[in-house]
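Okay, so here's the structure we're looking at.
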Amino acid sequence: MLVHLSIRNLAVVEAVDVTFDRGFHVLTGETGAGKSIIIDALGLLSGGRGSAELIRYGCDKAEMEAAFALAKHHPVWSVLEKLGIAAEAGEDLIIRREINAQGKSSARINGQLVNLSMLREVGEGLINLHGQHEHQTLLYPDRHLQLLDAFGSEEIAPAKAKYQKAYAEFVRVDKEWSELRSTSQQALQMLDLYRFQLEEIAAAALKPGEDELLLEEKVKLSHSEKMMESISGAYDVLYGPQGLDAIAKAVSRLEDVASYDPKGIAPLLEQLKSAYYQLEDASFGLRDYRDNIEFNPVRLEEVEERLDTISSLRRKYGDDVHGILQYYEQISRDTDMLENKDERLEKLSVQREQLLQTALEKAAHLSSVRHRKARELARQIEGELQDLQMGRTSIQVKLEFTADPQGAEWNGTRVRLGKHGMDHAEFLISPNPGEPLRSLSKIASGGELSRIMLALKSIFARHDEVPVLIFDEVDTGVSGRAAQSIAEKLYRLSNTCQVFSITHLPQVACMADQQYLIEKVVADGRTMTKVEHLGESGRINELARMLGGVEITDRTRHHAQEMLKLAEAQKGAI
């Protein structure tokens, strides 16, 4: 669960530190007080994208930090291990994120720097955030298949992975087959050019790195006379009267001194002898180097001609010998393909058909698994809606093949294969008995969409083990008994995970275990948001405000007190 949240300089929030407990939490306050900013901070901590616009005016950066307490067996620990993040299962997990004035973001998990994708991967296992308009995704049938796959992931995911592997192989071969089929006359005319280029490069008999070696050799051959003169001069100096001969005489004289003071002069004598031997070795080396210097105008001409040949090839085929040889390999493959086009096309056609049938079979198996899970999902949604005052509602997850007149044939039907199979899913609803099932996107009201999404979240919460579930005004568009039902559903959810909800409805707020008041205050001419954990009297006053609006009266306070008592009784019965 989330145990602590700290925010600094985020939008109108200057400094907020909040501690949380288990159960159901609500955040209440006037519209525009900054309730959603608290949720935005958690979204950023779980990997959401940030920008410099989020930083409080006049500040250099925004900072957020959250501490989570997780069970030792929670899946997030294995995710951290996979990512190489040091963490001890059972200890608090600390996530910190900063956004600077340039819009650059940095994040740390337990003090270790992580990138945004790593933060998002960890955050997905910690926080499930339902934004104000997320229920609008139900209006887009294209996203219904994702919801079904998420629900049945335990069975659907393996079947989907097998299909996607087969589909990817089919796409690869199909692309090659299509490209070869569409090879134009112009490409066939390129065959003569390719043959000429292959002969030209092959005739050069290039060797990897040859150009670099030749350049080195050219430099030596071009300056061989000067090198000979300099090396000979150096050798003559070493062997001249001021070189080794002089040092030899110095050694001889010091040896005479050594007979009188062996301890005092011995180190210097040894040092001088060592220098003599080293210089002698160096002079021999210079002599050998001099003797090997090649003054060969004929070889220099050969090297220059070879470099000219390579330079000519470089202008046509690559930046260096390595690039030329790579180009040679490429056009060799292209030439082989063009010369054996018909034979290759026939082989690809057979391979493509086999892979297509395999992909269709995998897609059909995936579809059968989805059909089974679709029926199960519909039953579970209807069961959840029983608790949300939609007990007479019928739900169907309609699953059909995606038709395509130009697509592949499967059991007499032309279908379109895609990354996710050949299925199209759409949620159908009948809010009242006797009415036909129709598209959810066309007939469901805002309140119905909110409750259906809450039903889905309730179902998913039992499967994904995410410890923190956040709802930003999930009760939009509902009132009366429906609002009470949503409150009870959120409370039930809090028995399996920590639930946070931003709400304007007193029916929802009174069912919470903890309530936080979010309000704006002005200090030193600056507006800021503060968060206050409400005790019993504070909750009564806030509920009275939610019930009565601007003016809080004894009657609204009494009503609020009664709501809290009834809520406690109701929670005890759940």
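Chain labels follow the order of the structure tokens: the first chain is A, the next B, and so on; residue numbering restarts at 1 in every chain, and ligands are counted from 1 in their shown order.
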Exercise for the section: Please give the complete set of residues from stretch 465-530 of chain A that DSSP, run on the backbone, assigns to strand (DSSP E), formatted as a list of chain:residue names. Expected result: A:Val468, A:Leu469, A:Ile470, A:Phe471, A:Asp472, A:Gln498, A:Val499, A:Phe500, A:Ser501, A:Ile502, A:Gln514, A:Gln515, A:Tyr516, A:Leu517, A:Ile518, A:Glu519, A:Lys520, A:Val521, A:Val522, A:Ala523, A:Arg526, A:Thr527, A:Met528, A:Thr529, A:Lys530
Problem - Contacts of stretch 263-274 of chain A within 8 Å, only C-alpha atoms, excl. fewer than 3 positions in-chain, as a VMD selection string - result: chain A and resid 247 251 254 to 255 257 to 258 277 to 278
Exercise for the section: Would you mind listing what lies within 12 Å of A:Tyr491 as an NGL selection string, with only C-alpha atoms counted and same-chain residues fewer than 4 positions away left out? Expected result: :A and (22-26 or 387 or 458 or 469 or 484-487 or 495-501 or 507-514 or 567-568 or 570-574)
Mind writing the picked residues with C-alpha atoms as a short mmCIF file (atom, residue, chain, number, x, y, z; two decimals), in the first residue's frame?
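result37.cif was written with the following content:
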```cif
data_model
loop_
_atom_site.label_atom_id
_atom_site.label_comp_id
_atom_site.auth_asym_id
_atom_site.auth_seq_id
_atom_site.Cartn_x
_atom_site.Cartn_y
_atom_site.Cartn_z
CA ARG A 22 -5.15 0.82 4.67
CA GLY A 23 -8.70 0.90 3.38
CA PHE A 24 -10.84 3.39 1.49
CA HIS A 25 -9.64 7.02 1.20
CA VAL A 26 -11.52 9.95 -0.28
CA ASP A 387 -24.30 -4.25 -6.68
CA SER A 458 -13.45 -4.40 -9.60
CA LEU A 469 -6.38 1.69 -6.95
CA GLN A 484 -24.60 4.85 -2.67
CA SER A 485 -23.99 1.64 -4.61
CA ILE A 486 -20.75 3.04 -6.04
CA ALA A 487 -19.66 3.99 -2.53
CA ASN A 495 -10.84 -4.99 1.42
CA THR A 496 -8.43 -6.33 -1.21
CA CYS A 497 -6.42 -3.20 -2.06
CA GLN A 498 -5.93 0.39 -0.97
CA VAL A 499 -8.54 2.59 -2.70
CA PHE A 500 -8.40 6.35 -3.29
CA SER A 501 -11.28 8.33 -4.77
CA GLN A 507 -22.76 9.37 -0.27
CA VAL A 508 -19.29 8.26 -1.41
CA ALA A 509 -17.31 10.39 1.05
CA CYS A 510 -19.13 9.10 4.14
CA MET A 511 -18.23 5.48 3.31
CA ALA A 512 -14.48 6.17 3.43
CA ASP A 513 -12.18 4.99 6.19
CA GLN A 514 -10.07 8.15 5.80
CA ALA A 567 -22.20 4.51 6.78
CA GLU A 568 -20.46 2.84 9.73
CA GLN A 570 -23.47 -0.22 6.44
CA LYS A 571 -19.74 -0.99 6.41
CA GLY A 572 -20.22 -3.36 9.28
CA ALA A 573 -22.83 -5.24 7.27
CA ILE A 574 -20.70 -5.54 4.12
#
```
Handout entry: Shell around stretch 43-47 of chain A at 7 Å using only C-alpha atoms, local window under 5 positions removed, as number ranges by chain
Key = A: 95-97, 116, 119-120, 123-124, 127
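Of the listed residues A:Glu88, A:Glu155, A:Glu301, A:Glu65, the one whose atoms come nearest to A:Thr19 is A:Glu65, with distances taken using only C-alpha atoms.
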Exercise for the section: Report the residues of stretch 114-281 of chain A whose backbone DSSP state falls under alpha helix (DSSP H), written as an MDAnalysis selection string. Expected result: chainID A and resid 116:124 144:151 153:181 185:204 210:222 224:239 244:258 262:281
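Of note, atom CA of A:Ala275 and atom CA of A:Met227 are spaced 25.3 Å apart.
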Problem - Computed interatomic separation between atom CA of A:Ala41 and atom CA of A:Cys59 (Å) - result: 16.6 Å
Practice task
May I ask which of the residues A:Ser222, A:Thr413, A:Ser232, A:Ser311 is the closest one to A:Tyr289, counting only C-alpha atoms?
Solution key: A:Ser232
Practice task
Might you pull out every residue within 7 Å of A:His144, with only C-alpha atoms counted and same-chain residues fewer than 2 positions away left off, and present them as number ranges by chain?
Solution key: A: 138, 141-142, 146-148, 425-427
Store the residues of this selection in a file with N, CA and C atoms, as a tab-separated table (two decimals), in the first residue's frame.
```tsv
chain	number	residue	atom	x	y	z
A	138	LEU	N	-14.78	3.15	-23.13
A	138	LEU	CA	-15.85	2.19	-23.44
A	138	LEU	C	-16.64	2.61	-24.68
A	141	PRO	N	-15.17	0.97	-29.59
A	141	PRO	CA	-15.11	-0.50	-29.72
A	141	PRO	C	-13.72	-1.03	-30.02
A	142	ASP	N	-12.88	-0.21	-30.66
A	142	ASP	CA	-11.52	-0.67	-30.99
A	142	ASP	C	-10.74	-1.04	-29.73
A	146	GLN	N	-8.87	-5.01	-26.15
A	146	GLN	CA	-7.80	-4.89	-25.15
A	146	GLN	C	-8.33	-5.22	-23.76
A	147	LEU	N	-9.55	-4.75	-23.46
A	147	LEU	CA	-10.14	-5.04	-22.15
A	147	LEU	C	-10.38	-6.54	-21.98
A	148	LEU	N	-10.87	-7.18	-23.03
A	148	LEU	CA	-11.11	-8.63	-22.96
A	148	LEU	C	-9.78	-9.37	-22.76
A	425	ALA	N	-13.90	-7.08	-31.17
A	425	ALA	CA	-14.77	-7.20	-29.99
A	425	ALA	C	-15.55	-5.92	-29.79
A	426	GLU	N	-16.78	-6.07	-29.28
A	426	GLU	CA	-17.60	-4.90	-28.95
A	426	GLU	C	-18.53	-5.27	-27.80
A	427	PHE	N	-18.60	-4.37	-26.82
A	427	PHE	CA	-19.49	-4.59	-25.69
A	427	PHE	C	-20.91	-4.16	-26.08
```
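Once A:Gly383 and its same-chain neighbours fewer than 2 positions away are set aside, Glu376, Leu377, Ala378, Arg379, Gln380, Ile381, Leu385, Gln386, Asp387, Leu388, Gln389, Met390, Gly391, Arg392, Thr393, Ser394, Ile395, Ile452, Ala455, Leu456, Ser458 and Ile459 of chain A remain within 12 Å of it when counting only C-alpha atoms.
In terms of minimum interatomic distance to A:Gln357, A:Tyr163 ranks closest within A:Glu473, A:Val521, A:Glu30, A:Tyr163, counting only C-alpha atoms.
The space separating atom CA of A:Gly446 from atom CA of A:Val478 comes to 8.0 Å.
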Exercise for the section: Within 12 Å of A:Gln326, counting only C-alpha atoms, which residues show up once you throw out same-chain ones fewer than 5 positions away? Write them as a PyMOL selection string, please. Expected result: chain A and resi 198+201+206-208+314+317-321+331-333
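Using only C-alpha atoms, the smallest distance between any of A:Thr527, A:Gln189, A:Thr503, A:Asn115 and A:Ala15 comes from A:Thr527.
Nearest to A:Gln351 of all the residues A:Glu53, A:Lys419, A:Asp291, A:Asp174 is A:Asp174, counting only C-alpha atoms.
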